[in-house]
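Structure file start08.cif (mmCIF, C-alpha atoms) is printed below.
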data_structure
loop_
_atom_site.label_atom_id
_atom_site.label_comp_id
_atom_site.auth_asym_id
_atom_site.auth_seq_id
_atom_site.Cartn_x
_atom_site.Cartn_y
_atom_site.Cartn_z
CA MET W 106 114.43 39.50 71.35
CA SER W 107 114.48 36.58 68.98
CA THR W 108 111.24 34.70 68.68
CA LYS W 109 112.43 32.31 66.06
CA THR W 110 111.18 28.80 66.59
CA LEU W 111 114.05 26.37 66.76
CA LEU W 112 113.37 22.91 65.44
CA VAL W 113 115.85 20.65 67.09
CA VAL W 114 116.96 17.03 67.17
CA LEU W 115 115.89 15.43 70.39
CA ALA W 116 117.98 13.36 72.72
CA ALA W 117 115.44 12.45 75.20
CA GLY W 118 107.04 13.81 81.77
CA ALA W 119 101.87 14.23 85.39
CA LEU W 120 98.59 12.83 86.31
CA LEU W 121 97.75 9.31 87.48
CA ALA W 122 94.67 8.97 85.37
CA GLY W 123 94.79 7.56 81.87
CA CYS W 124 92.98 5.14 79.62
CA GLY W 125 93.17 1.50 80.69
CA GLY W 126 92.51 -1.69 78.80
CA GLN W 127 92.72 -5.45 78.82
CA VAL W 128 96.23 -6.83 78.61
CA GLY W 129 96.85 -9.24 75.78
CA GLN W 130 99.97 -10.90 74.45
CA ASN W 131 102.78 -8.95 72.86
CA ASP W 132 103.10 -9.32 69.11
CA ASN W 133 106.50 -7.87 68.27
CA SER W 134 107.31 -10.14 65.37
CA GLY W 135 108.24 -7.25 63.12
CA ASN W 136 105.95 -8.33 60.29
CA GLY W 137 103.77 -5.22 60.43
CA ALA W 138 100.68 -7.20 61.51
CA THR W 139 98.13 -5.63 63.84
CA PRO W 140 99.16 -6.72 67.35
CA ALA W 141 96.79 -8.42 69.79
CA ASN W 142 98.18 -6.29 72.60
CA LYS W 143 97.47 -2.60 72.01
CA ASN W 144 98.14 -1.39 75.55
CA LEU W 145 100.67 1.34 76.28
CA GLU W 146 102.04 2.61 79.58
CA LEU W 147 103.27 6.16 80.11
CA VAL W 148 105.52 6.78 83.13
CA LEU W 149 106.14 10.47 83.66
CA GLY W 150 108.82 12.20 85.69
CA VAL W 151 106.56 13.58 88.42
CA LYS W 152 102.86 14.03 89.20
CA ASN W 153 100.83 17.15 88.59
CA GLU W 154 103.44 19.14 86.68
CA PRO W 155 102.00 21.11 83.74
CA PHE W 156 104.78 20.08 81.34
CA TYR W 157 104.06 16.42 81.93
CA ILE W 158 100.30 16.93 81.92
CA SER W 159 100.66 18.54 78.48
CA LEU W 160 102.85 15.65 77.34
CA GLN W 161 100.23 13.19 78.60
CA CYS W 162 97.48 15.03 76.72
CA GLY W 163 99.38 14.69 73.47
CA ALA W 164 100.07 11.01 74.12
CA GLN W 165 96.46 10.22 75.00
CA ALA W 166 95.12 11.89 71.87
CA ALA W 167 97.59 10.03 69.65
CA ALA W 168 96.86 6.66 71.28
CA LYS W 169 93.11 7.13 70.92
CA ALA W 170 93.47 8.09 67.27
CA ALA W 171 95.47 4.93 66.62
CA GLY W 172 93.10 2.60 68.47
CA TYR W 173 95.48 1.97 71.38
CA THR W 174 94.85 2.39 75.10
CA ILE W 175 97.30 4.21 77.35
CA ASN W 176 97.61 4.25 81.13
CA THR W 177 99.61 6.97 82.87
CA GLN W 178 101.53 6.83 86.13
CA ALA W 179 104.04 9.13 87.82
CA PRO W 180 105.96 9.31 91.10
CA ASP W 181 105.21 11.96 93.70
CA GLN W 182 108.70 13.42 93.23
CA PHE W 183 111.24 13.47 90.41
CA ASP W 184 113.21 10.63 91.96
CA PRO W 185 114.45 7.31 90.49
CA THR W 186 113.89 5.53 93.80
CA LEU W 187 110.19 6.33 93.41
CA GLN W 188 109.95 5.88 89.65
CA GLY W 189 111.90 2.61 89.53
CA PRO W 190 109.29 0.48 91.35
CA ILE W 191 106.57 1.77 89.02
CA VAL W 192 108.50 0.50 86.02
CA THR W 193 109.38 -2.80 87.69
CA ALA W 194 105.71 -3.45 88.49
CA LEU W 195 104.81 -3.03 84.81
CA GLY W 196 106.62 -6.28 84.04
CA ALA W 197 103.60 -8.24 85.29
CA LYS W 198 101.25 -6.26 83.03
CA LYS W 199 103.36 -6.88 79.92
CA PRO W 200 102.35 -3.74 78.02
CA ALA W 201 103.07 -3.59 74.33
CA GLY W 202 104.92 -0.31 74.78
CA LEU W 203 106.39 1.83 77.53
CA LEU W 204 106.83 5.57 77.14
CA ILE W 205 108.98 6.93 79.94
CA ALA W 206 110.74 10.09 81.10
CA PRO W 207 113.60 8.50 83.09
CA THR W 208 114.35 10.47 86.25
CA ASP W 209 118.05 9.60 86.17
CA ASP W 210 120.17 8.94 83.10
CA LYS W 211 122.00 5.99 84.72
CA THR W 212 119.97 4.74 87.69
CA MET W 213 116.83 3.94 85.67
CA ALA W 214 118.68 1.79 83.12
CA PRO W 215 118.28 -1.63 84.85
CA GLN W 216 114.51 -1.33 85.25
CA MET W 217 114.06 -0.09 81.70
CA LYS W 218 116.26 -2.83 80.29
CA GLN W 219 114.33 -5.45 82.24
CA ILE W 220 111.02 -4.42 80.75
CA LYS W 221 112.55 -4.17 77.29
CA ASP W 222 113.93 -7.69 77.63
CA SER W 223 110.42 -8.91 78.49
CA GLY W 224 109.27 -7.86 75.02
CA THR W 225 107.94 -4.35 75.67
CA LYS W 226 109.01 -1.62 73.26
CA VAL W 227 110.55 1.29 75.16
CA VAL W 228 110.43 4.92 74.03
CA GLU W 229 111.99 7.82 75.98
CA VAL W 230 110.07 11.09 76.20
CA ASP W 231 111.61 14.32 77.51
CA THR W 232 114.60 12.72 79.28
CA ALA W 233 116.93 9.92 78.19
CA LEU W 234 119.41 7.35 79.45
CA GLN W 235 123.10 7.51 78.69
CA ASP W 236 122.72 3.93 77.46
CA THR W 237 121.25 4.32 73.99
CA SER W 238 120.70 0.58 73.45
CA ILE W 239 117.49 0.31 75.48
CA ALA W 240 115.00 2.73 73.92
CA ALA W 241 113.80 2.31 70.36
CA SER W 242 113.31 6.07 70.10
CA SER W 243 113.97 9.23 72.13
CA ILE W 244 111.80 12.32 71.87
CA SER W 245 112.70 15.60 73.58
CA SER W 246 113.81 19.11 72.85
CA ASP W 247 117.45 19.67 71.91
CA ASN W 248 118.17 20.96 75.36
CA THR W 249 121.63 22.23 74.54
CA LYS W 250 120.09 24.43 71.86
CA GLY W 251 117.47 25.53 74.37
CA GLY W 252 120.20 26.66 76.73
CA GLU W 253 121.89 28.50 73.89
CA LEU W 254 118.63 30.28 73.05
CA ALA W 255 118.30 31.28 76.71
CA ALA W 256 121.83 32.74 76.66
CA GLN W 257 121.11 34.71 73.50
CA THR W 258 117.94 36.00 75.12
CA MET W 259 119.77 36.95 78.32
CA ALA W 260 122.37 38.85 76.29
CA LYS W 261 119.63 40.93 74.64
CA LEU W 262 117.86 41.58 77.92
CA THR W 263 121.00 42.87 79.64
CA SER W 264 121.88 45.13 76.67
CA GLY W 265 125.66 45.14 77.07
CA LYS W 266 125.67 45.76 80.82
CA THR W 267 128.19 43.98 83.01
CA GLY W 268 127.32 41.63 85.83
CA SER W 269 126.99 38.04 86.99
CA VAL W 270 124.44 35.44 85.95
CA LEU W 271 123.31 32.53 88.12
CA VAL W 272 122.17 29.22 86.62
CA LEU W 273 119.68 27.07 88.51
CA ASP W 274 119.77 23.36 87.63
CA THR W 275 117.53 20.68 89.16
CA LYS W 276 119.28 17.45 90.15
CA ALA W 277 122.61 16.03 89.07
CA GLY W 278 121.97 13.22 86.59
CA THR W 279 118.96 14.87 84.91
CA SER W 280 119.93 14.78 81.26
CA THR W 281 117.66 17.58 80.03
CA THR W 282 118.46 20.29 82.54
CA ALA W 283 122.16 19.49 82.56
CA ALA W 284 122.26 20.04 78.80
CA ARG W 285 120.38 23.33 79.16
CA ALA W 286 122.79 24.59 81.81
CA LYS W 287 125.83 23.59 79.77
CA GLY W 288 124.45 25.10 76.56
CA PHE W 289 123.65 28.33 78.38
CA GLU W 290 127.07 28.73 79.98
CA GLU W 291 129.00 27.98 76.81
CA GLU W 292 126.86 30.23 74.62
CA LEU W 293 126.95 33.09 77.14
CA LYS W 294 130.74 33.22 76.83
CA LYS W 295 130.35 33.72 73.09
CA VAL W 296 127.49 36.18 72.89
CA ALA W 297 127.94 38.17 76.11
CA PRO W 298 131.59 38.45 77.21
CA ASN W 299 130.45 41.33 79.44
CA LEU W 300 128.58 38.82 81.60
CA LYS W 301 130.25 36.31 83.91
CA SER W 302 128.94 33.12 85.43
CA ALA W 303 127.95 33.07 89.09
CA GLY W 304 128.00 29.27 88.87
CA ILE W 305 125.43 26.51 88.65
CA GLN W 306 123.33 25.77 91.72
CA PHE W 307 121.19 22.64 92.14
CA THR W 308 117.65 23.07 93.45
CA ASP W 309 116.60 19.43 93.98
CA ASN W 310 113.71 20.33 91.65
CA GLU W 311 112.04 22.14 94.55
CA PRO W 312 110.77 25.75 94.16
CA SER W 313 111.55 26.49 97.81
CA VAL W 314 115.19 25.49 97.34
CA ALA W 315 115.43 27.59 94.18
CA ALA W 316 114.06 30.58 96.09
CA GLN W 317 116.68 30.08 98.81
CA LYS W 318 119.48 29.85 96.24
CA VAL W 319 118.42 33.11 94.60
CA THR W 320 118.04 34.91 97.92
CA ALA W 321 121.54 33.78 98.90
CA ALA W 322 122.95 34.88 95.53
CA ILE W 323 121.45 38.36 95.93
CA SER W 324 123.41 38.73 99.17
CA SER W 325 126.65 37.12 98.03
CA THR W 326 126.80 38.52 94.47
CA PRO W 327 126.22 42.29 94.46
CA ASP W 328 126.50 42.52 90.67
CA LEU W 329 123.91 39.78 90.03
CA ILE W 330 122.19 40.83 86.81
CA GLY W 331 120.52 37.66 85.58
CA VAL W 332 119.18 34.24 86.52
CA PHE W 333 118.58 31.35 84.13
CA ALA W 334 116.26 28.70 85.58
CA THR W 335 116.44 25.40 83.70
CA ASN W 336 112.92 24.16 84.41
CA LEU W 337 109.56 25.34 85.67
CA ASN W 338 110.04 24.47 89.36
CA SER W 339 113.35 26.29 89.45
CA GLY W 340 111.84 29.22 87.57
CA GLU W 341 108.89 29.52 89.91
CA GLY W 342 111.23 29.41 92.89
CA ALA W 343 113.58 31.95 91.35
CA ALA W 344 110.70 34.38 90.87
CA THR W 345 109.82 33.97 94.54
CA GLY W 346 113.44 34.61 95.55
CA LEU W 347 113.64 37.76 93.47
CA ARG W 348 110.41 39.07 94.97
CA SER W 349 111.71 38.38 98.49
CA GLY W 350 114.96 40.17 97.69
CA GLY W 351 113.28 43.16 96.05
CA LYS W 352 115.02 42.50 92.74
CA VAL W 353 112.13 41.82 90.37
CA GLY W 354 112.91 43.53 87.06
CA GLN W 355 116.41 44.52 88.21
CA VAL W 356 117.70 40.96 87.86
CA GLN W 357 116.65 39.54 84.51
CA LEU W 358 114.94 36.15 84.89
CA VAL W 359 114.85 33.77 81.95
CA GLY W 360 112.89 30.62 82.69
CA PHE W 361 112.52 27.35 80.85
CA ASP W 362 109.00 26.02 80.20
CA ALA W 363 105.68 27.81 80.16
CA SER W 364 103.61 26.63 83.12
CA PRO W 365 100.52 28.67 84.07
CA SER W 366 102.38 30.31 86.94
CA GLU W 367 105.34 31.15 84.70
CA VAL W 368 103.05 32.57 82.02
CA GLU W 369 101.37 34.70 84.67
CA GLY W 370 104.83 35.74 85.86
CA LEU W 371 105.74 36.78 82.33
CA LYS W 372 102.62 38.94 82.17
CA SER W 373 103.36 40.57 85.54
CA GLY W 374 107.06 41.17 84.90
CA ALA W 375 108.42 38.56 87.33
CA PHE W 376 109.96 36.83 84.28
CA GLN W 377 111.48 38.69 81.37
CA ALA W 378 111.45 35.69 79.02
CA LEU W 379 110.49 32.02 78.86
CA ILE W 380 111.98 29.30 76.67
CA ALA W 381 108.95 27.14 75.94
CA GLN W 382 108.93 23.55 74.79
CA ASP W 383 106.12 21.70 73.03
CA PRO W 384 105.35 18.76 75.35
CA GLY W 385 102.15 17.83 73.52
CA THR W 386 104.16 17.17 70.38
CA ILE W 387 106.67 15.13 72.39
CA GLY W 388 103.88 12.92 73.77
CA LYS W 389 102.27 12.51 70.35
CA ALA W 390 105.55 11.57 68.69
CA GLY W 391 106.36 9.16 71.52
CA VAL W 392 103.15 7.23 70.96
CA GLU W 393 103.63 7.20 67.21
CA GLN W 394 107.14 5.79 67.54
CA ALA W 395 106.08 3.21 70.14
CA ILE W 396 103.30 1.97 67.85
CA ALA W 397 105.68 1.82 64.90
CA ALA W 398 108.06 -0.33 66.96
CA ILE W 399 105.24 -2.58 68.15
CA GLU W 400 103.91 -3.07 64.64
CA GLY W 401 107.33 -3.73 63.13
CA LYS W 402 107.43 -0.53 61.13
CA SER W 403 110.27 1.93 60.65
CA VAL W 404 111.24 3.79 63.84
CA GLN W 405 113.13 7.07 64.01
CA ARG W 406 115.75 7.01 66.75
CA ASN W 407 115.76 10.75 67.50
CA ILE W 408 112.93 13.17 66.70
CA SER W 409 112.61 16.95 66.82
CA ALA W 410 110.12 19.25 68.58
CA PRO W 411 109.99 23.03 68.65
CA LEU W 412 111.45 25.46 71.17
CA ILE W 413 110.50 29.12 71.21
CA ALA W 414 111.35 32.25 73.18
CA LEU W 415 108.35 34.04 74.69
CA THR W 416 108.27 37.63 75.92
CA LYS W 417 105.50 39.77 77.35
CA ASP W 418 105.20 41.54 74.00
CA ASP W 419 104.61 38.44 71.87
CA MET W 420 103.22 35.82 74.26
CA THR W 421 99.57 36.25 73.27
CA THR W 422 100.33 35.31 69.67
CA LYS W 423 102.09 32.12 70.80
CA SER W 424 99.60 30.82 73.35
CA GLU W 425 99.71 27.33 71.83
CA PHE W 426 103.00 26.92 73.70
CA PHE W 427 101.40 27.50 77.11
CA TYR W 428 101.33 24.32 79.21
CA LYS W 429 98.09 22.69 80.37
CA THR W 430 96.82 21.69 83.80
CA LYS W 431 94.31 19.17 82.42
CA CYS W 432 93.52 17.46 79.14
#
Serialized structure, structure tokens:
Amino acid sequence: MSTKTLLVVLAAGALLAGCGGQVGQNDNSGNGATPANKNLELVLGVKNEPFYISLQCGAQAAAKAAGYTINTQAPDQFDPTLQGPIVTALGAKKPAGLLIAPTDDKTMAPQMKQIKDSGTKVVEVDTALQDTSIAASSISSDNTKGGELAAQTMAKLTSGKTGSVLVLDTKAGTSTTAARAKGFEEELKKVAPNLKSAGIQFTDNEPSVAAQKVTAAISSTPDLIGVFATNLNSGEGAATGLRSGGKVGQVQLVGFDASPSEVEGLKSGAFQALIAQDPGTIGKAGVEQAIAAIEGKSVQRNISAPLIALTKDDMTTKSEFFYKTKC
């Protein structure tokens, strides 16, 4: 299996606690002067998810190092109807910068534009809007490349055997997972013509739904040989579905992310591979770009972070890619 780290250009996070501070006036004059307002807000995709906790840890460390404060909020579910009001309420606080993982690539645009128009610098972390005019910078993995890496990994795991492969996506309109699913399907056609797609199923970002989808696929697709889960909730649910169906190890499971439960699953054989991101680096870069925008310095529109394939054989040497549950 390839364990080559892929550095990729990014297109596009979950605890409530963060560092607070007094709110001053925005100083976005672009002259490079130290601003009076050094308060940042981080709005993640969902609470208590290890990927977003790791992202928050990286953001907090970078903000502290730069002398900024950062407050973190997140909705209870990955849902724009829950995330939107959080962003709208930030208008009264007038933060200098907003780092956000938008939960829908269209629906979140009005709220994000409103806070941008109030003078707050907006930076996207992990996910991104289709409208590229709102954020000053977007930081995320190249999710298409991540899907391609997953397909290459699946091809090696199945070793030329024939069969069908199911893809588990989260919610329609989630830019990151949609790109992973598309990259996987297109690359699989190139590198493994012996494998055929069993389609893309949406899980609503719920492990229980992912488990149900896998259980159903085991019954409806006798030649099911692989499952690609595009995020940690889908991966955790897929592992549960394979256990329920008695197919652990027979159906190759490639997950995306490296949550504690997924890492444990890789050790136990529930997963055969994980495509890990580096959320801490995404959070750190997001803060750095937000501060650059606030202080009138040069801002990079798209930034890269690493992706890496993990297997049971090499995971202990790459533990820095394991996601955190607390900072």
Nearest-residue call for W:Ala179, choices W:Ser238, W:Gln165, W:Asn153, W:Ser280, using all atoms listed in the file: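 Going through W:Ser238, W:Gln165, W:Asn153, W:Ser280 one by one, the smallest distance to W:Ala179 is for W:Asn153.
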If the PyMOL selection byres ((chain W and resi 162) around 9) were run on this exact file, what residues would it hold? Put them as a count of residues only. 17
Nearest to W:Ser339, chosen from W:Leu300, W:Leu412, W:Val272, W:Leu262, with only C-alpha atoms counted in the distances: W:Val272
Using only C-alpha atoms - which residues lie no farther than 7 Å from the point (100.5, 4.2, 87.7) in the file's frame? Write them as a PyMOL selection string. chain W and resi 121+177-179+191
Dump C-alpha atoms for the selected residues as a tab-separated table (two decimals), keeping the file's coordinate frame?
chain	number	residue	atom	x	y	z
W	121	LEU	CA	97.75	9.31	87.48
W	177	THR	CA	99.61	6.97	82.87
W	178	GLN	CA	101.53	6.83	86.13
W	179	ALA	CA	104.04	9.13	87.82
W	191	ILE	CA	106.57	1.77	89.02
Given the file shown, determine the residues that the PyMOL selection byres ((chain W and resi 305) around 12) selects; report them as JSON, numbers by chain. {"W": [269, 270, 271, 272, 273, 274, 275, 276, 277, 282, 283, 285, 286, 287, 289, 290, 301, 302, 303, 304, 306, 307, 308, 315, 318, 319, 322, 332, 333, 334, 335]}
Within 9 Å of (103.3, 3.5, 77.5) (coordinates as in the file), grab all the protein and nucleic acid residues, counting all atoms listed in the file, and write them out as an NGL selection string. :W and (144-148 or 164 or 174-177 or 200-205 or 226-228 or 391-392 or 395)
Target residues per the PyMOL selection byres ((chain W and resi 267) around 10), formatted as a PyMOL selection string: chain W and resi 263-266+268-270+297-301+328-330
Let me see the file: selected residues, C-alpha atoms, as a JSON list (two decimals), in the coordinates of the input.
[["chain", "number", "residue", "atom", "x", "y", "z"],
["W", 263, "THR", "CA", 121.00, 42.87, 79.64],
["W", 264, "SER", "CA", 121.88, 45.13, 76.67],
["W", 265, "GLY", "CA", 125.66, 45.14, 77.07],
["W", 266, "LYS", "CA", 125.67, 45.76, 80.82],
["W", 268, "GLY", "CA", 127.32, 41.63, 85.83],
["W", 269, "SER", "CA", 126.99, 38.04, 86.99],
["W", 270, "VAL", "CA", 124.44, 35.44, 85.95],
["W", 297, "ALA", "CA", 127.94, 38.17, 76.11],
["W", 298, "PRO", "CA", 131.59, 38.45, 77.21],
["W", 299, "ASN", "CA", 130.45, 41.33, 79.44],
["W", 300, "LEU", "CA", 128.58, 38.82, 81.60],
["W", 301, "LYS", "CA", 130.25, 36.31, 83.91],
["W", 328, "ASP", "CA", 126.50, 42.52, 90.67],
["W", 329, "LEU", "CA", 123.91, 39.78, 90.03],
["W", 330, "ILE", "CA", 122.19, 40.83, 86.81]]
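Using only C-alpha atoms for every distance, the candidate list W:Gly172, W:Pro207, W:Ala233, W:Glu400 yields W:Pro207 as the residue closest to W:Thr186.
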Can you measure atom CA of W:Asp236 to atom CA of W:Thr281 for me? One decimal in Å is fine.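 If I compute the distance from atom CA of W:Asp236 to atom CA of W:Thr281, I get 14.8 Å.
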Near W:Thr212, within 10 Å and counting all atoms listed in the file, which residues show up once chain neighbours fewer than 5 positions away are dropped, as a list in words? Asp184, Pro185, Thr186, Gly189, Pro207, Met217, Leu234, Gln235 and Gly278 of chain W
Could you work out how far atom CA of W:Ser366 lies from atom CA of W:Ile244, giving the answer in Å with one decimal?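 Distance reported for this atom pair: 25.3 Å.
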Just give me the gap between atom CA of W:Lys143 and atom CA of W:Tyr173 in Å, one decimal is fine.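 Taking atom CA of W:Lys143 and atom CA of W:Tyr173, their separation equals 5.0 Å.
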Write out all heavy atoms for stretch 312-322 of chain W, as a compact mmCIF listing (two decimals), keeping the file's coordinate frame.
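What landed in selection_3.txt:
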# COMPACT_ATOMS: atom_id res chain seq x y z
N PRO W 312 110.85 24.28 94.23
CA PRO W 312 110.77 25.75 94.16
C PRO W 312 111.31 26.44 95.40
O PRO W 312 111.95 27.49 95.30
CB PRO W 312 109.27 26.01 93.98
CG PRO W 312 108.75 24.78 93.32
CD PRO W 312 109.54 23.65 93.91
N SER W 313 111.08 25.86 96.58
CA SER W 313 111.55 26.49 97.81
C SER W 313 113.07 26.55 97.87
O SER W 313 113.64 27.54 98.35
CB SER W 313 111.01 25.74 99.03
OG SER W 313 111.44 24.39 99.04
N VAL W 314 113.72 25.50 97.37
CA VAL W 314 115.19 25.49 97.34
C VAL W 314 115.69 26.51 96.34
O VAL W 314 116.67 27.23 96.60
CB VAL W 314 115.72 24.08 97.02
CG1 VAL W 314 117.25 24.09 96.92
CG2 VAL W 314 115.27 23.07 98.07
N ALA W 315 115.04 26.60 95.18
CA ALA W 315 115.43 27.59 94.18
C ALA W 315 115.31 29.00 94.74
O ALA W 315 116.19 29.85 94.52
CB ALA W 315 114.57 27.44 92.93
N ALA W 316 114.24 29.26 95.48
CA ALA W 316 114.06 30.58 96.09
C ALA W 316 115.19 30.89 97.06
O ALA W 316 115.73 32.00 97.08
CB ALA W 316 112.71 30.64 96.80
N GLN W 317 115.58 29.90 97.85
CA GLN W 317 116.68 30.08 98.81
C GLN W 317 117.99 30.37 98.10
O GLN W 317 118.77 31.23 98.54
CB GLN W 317 116.82 28.84 99.68
CG GLN W 317 115.65 28.60 100.62
CD GLN W 317 115.67 27.21 101.24
OE1 GLN W 317 116.63 26.46 101.07
NE2 GLN W 317 114.61 26.87 101.96
N LYS W 318 118.24 29.66 96.99
CA LYS W 318 119.48 29.85 96.24
C LYS W 318 119.55 31.28 95.67
O LYS W 318 120.61 31.92 95.68
CB LYS W 318 119.59 28.83 95.12
CG LYS W 318 119.64 27.38 95.56
CD LYS W 318 120.97 27.01 96.18
CE LYS W 318 121.03 25.52 96.47
NZ LYS W 318 122.32 25.12 97.08
N VAL W 319 118.43 31.76 95.17
CA VAL W 319 118.42 33.11 94.60
C VAL W 319 118.58 34.16 95.69
O VAL W 319 119.33 35.13 95.54
CB VAL W 319 117.12 33.34 93.80
CG1 VAL W 319 116.96 34.81 93.42
CG2 VAL W 319 117.11 32.48 92.55
N THR W 320 117.90 33.97 96.80
CA THR W 320 118.04 34.91 97.92
C THR W 320 119.48 34.99 98.39
O THR W 320 120.02 36.07 98.66
CB THR W 320 117.12 34.48 99.09
OG1 THR W 320 115.76 34.47 98.64
CG2 THR W 320 117.24 35.44 100.25
N ALA W 321 120.13 33.82 98.49
CA ALA W 321 121.54 33.78 98.90
C ALA W 321 122.43 34.48 97.88
O ALA W 321 123.39 35.18 98.25
CB ALA W 321 121.98 32.34 99.10
N ALA W 322 122.13 34.27 96.58
CA ALA W 322 122.95 34.88 95.53
C ALA W 322 122.81 36.40 95.54
O ALA W 322 123.79 37.12 95.27
CB ALA W 322 122.55 34.33 94.17
